[in-house]
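Only one structure is covered here, and it is reproduced in the block below.
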Amino acid sequence: MSAVQVRQLWKAYGDDVVLENVNLEVRSGDFVTIVGASGCGKTTFLRMLLGEEAPSRGELLMDGRTMPGEPGPDRGVVFQKYSVFPHLTALRNVMLGEELARSPLLGRLFGGARRRARDKAMEMLEAVGLEQAAGKYPAELSGGMQQRLAIAQALMKNPKILLLDEPFGALDPGIRKDMHGLILDLWRRRGLTVFMITHDLKEGFYLGTRLLVFDKVRDDPQAPGAYGATITYDIPLGETDDGLYREIRESVGLPEEPDVAFIAEHREIEEKSS
Ligand SMILES: Nc1ncnc2c1ncn2[C@@H]1O[C@H](COP(=O)(O)OP(=O)(O)OP(=O)(O)O)[C@@H](O)[C@H]1O
Ligand SMILES: [Mg+2]
């Protein structure tokens with residue numbers, strides 16, 4: 001069954017059309033990467049999948065049912081900017097969602113409930129390789145470790161869908177590679193459906209099973225808000241050549257060199273090691 005169906009989706013803020021006529025079917029277990037020019041509506045699309053924003057028109061279905069109009073435990077999200085609380089340790093940051101859900105006034109659990117939340121949070125920290133840092137505060141963690149913490153937080157509710165908005169954009173290349181390994185591993189082991197926005201086309205090609213490009217198909221320079229972006233490419237990955245890579249890169253104005261050989265090579269390494 002399709003995990004997510006998007007039918008003739010439109011989103012406008014006032015007179016500004018951001019997205020127009022977006023159609024999409026995503027199967028459970030897909031790893032969808034999303035690229036597109038800055039401001040074309042990628043984050044807006046993700047926030048609609050999260051339930052933080054409502055479509056202006058059209059339908060968003062999850063497992064065949066209308067997407068709930070608010071964020072729920074079935075969807076976890078990681079944004080580019082760290083979403084962790086500076087005054088809580090790594091462990092309490094991961095526990096917090098559970099504590100707030102079950103004890104909205106105090107934000108704290110006691111006794112057996114607290115122990116269970118704690119054990120679960122430790123398990124999540126282990127899943128992202130942060131078990132040694134459970135007692136540390138965010139300021140004592142590196143950028144990569146803070147993003148891992150945000151991922152642990154997002155996984156705490158066992159979401160089926162993981163939404164990632166440029167989660168590794170601020171990280172050094174070496175750390176990014178570690179994070180790629182981590183996210184692929186979590187995706188496989190937990191059977192997640194992933195939507196990940198990236199500014200790095202290479203990352204998009206290398207990580208996903210499917211790449212979406214958001215772009216405007218029509219534009220009026222006199223009225224920039226008149227038309228929105230839609231999905232202009234929807235590519236099953238593994239079927240890419242240099243020409244297509246270049247075409248996409250140019251269509252979204254991304255300044256990277258074609259490096260399809262690099263991607264193919266990395267995919268082979270990944271496949272062998274999995
Ligand atoms: N809450 C809002 N109210 C009004 N306009 C908004 C709101 N959120 C987003 N927009 C507008 O919608 C458009 C798309 O924004 P969005 O953040 O989705 O772009 P993006 O593709 O994620 O860009 P980037 O790559 O820079 O992150 C922008 O013009 C933005 O100003
Ligand atoms: Mg964005």
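Labels used: A, B, ... for chains in the order of the structure tokens, numbers from 1 for residues in each chain, and numbers from 1 for ligands as shown.
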Using only C-alpha atoms and all ligand atoms, which residues of chain A come within 6 Å of ligand 1, and what is the closest atom pair for each, with the distance in Å to one decimal? Give it as a Markdown table, sorted by chain and residue number.
| residue | atom | partner | partner_atom_place_in_ligand_line | distance |
| --- | --- | --- | --- | --- |
| A:Tyr13 | CA | ligand 1 | 4 (C) | 5.1 |
| A:Val18 | CA | ligand 1 | 13 (C) | 5.4 |
| A:Ala37 | CA | ligand 1 | 25 (O) | 5.9 |
| A:Ser38 | CA | ligand 1 | 25 (O) | 3.5 |
| A:Gly39 | CA | ligand 1 | 23 (O) | 3.4 |
| A:Cys40 | CA | ligand 1 | 21 (O) | 4.0 |
| A:Gly41 | CA | ligand 1 | 18 (O) | 3.1 |
| A:Lys42 | CA | ligand 1 | 21 (O) | 3.8 |
| A:Thr43 | CA | ligand 1 | 22 (O) | 3.7 |
| A:Thr44 | CA | ligand 1 | 18 (O) | 3.7 |
Convert the current residue selection to file output with C-alpha atoms, as a PDB file, in the first residue's frame.
ATOM      1  CA  TYR A  13       0.078  32.128   1.293  1.00  0.00           C
ATOM      2  CA  VAL A  18       4.052  28.334  -3.440  1.00  0.00           C
ATOM      3  CA  ALA A  37      15.939  26.023  -5.798  1.00  0.00           C
ATOM      4  CA  SER A  38      15.855  28.005  -2.580  1.00  0.00           C
ATOM      5  CA  GLY A  39      12.356  29.250  -1.758  1.00  0.00           C
ATOM      6  CA  CYS A  40      10.547  26.872  -4.107  1.00  0.00           C
ATOM      7  CA  GLY A  41       8.489  25.291  -1.339  1.00  0.00           C
ATOM      8  CA  LYS A  42      10.397  22.185  -0.185  1.00  0.00           C
ATOM      9  CA  THR A  43      10.092  22.943   3.529  1.00  0.00           C
ATOM     10  CA  THR A  44       6.461  23.932   3.043  1.00  0.00           C
TER      11      THR A  44
END
- [ ] Give me every helix (DSSP H, G or I) residue in stretch 48-154 of chain A, going by DSSP on the backbone, as an MDAnalysis selection string.
- [x] chainID A and resid 48:50 90:102 111:127 131:133 138:140 143:154
Task: Nearby residues, ligand 2, 12 Å, only C-alpha atoms and all ligand atoms, as a ChimeraX atom specification - done: /A:34-47,79-81,164-167,169,196-199,214
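When DSSP is run on the backbone, the residues of stretch 111-222 of chain A that fall into strand (DSSP E or B) are Ile161, Leu162, Leu163, Leu164, Asp165, Thr193, Val194, Phe195, Met196, Ile197, Arg210, Leu211, Leu212, Val213, Phe214, Asp215 and Lys216 of chain A.
Atom to atom, atom CA of A:Leu212 and atom CA of A:Thr230 stand 9.7 Å apart.
Using only C-alpha atoms for every distance, the candidate list A:Leu155, A:Leu9, A:Ile183, A:Leu162 yields A:Leu155 as the residue closest to A:Glu98.
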TODO: In Å, rounded to a single decimal, give me how far atom CA of A:Ala134 is from atom CA of A:Ala90.
DONE: 5.0 Å
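With distances taken over only C-alpha atoms, A:Trp10 is the one residue among A:Tyr206, A:Tyr245, A:Phe168, A:Trp10 lying closest to A:Gly58.
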Open item on the list: Taking 2 positions as the minimum chain separation for residues in the same chain, which residues sit within 10 Å of stretch 113-121 of chain A when counting only C-alpha atoms? Answer as a ChimeraX atom specification.
Closed with: /A:90-99,102,108-111,123-127,131,134,152-153,155-157
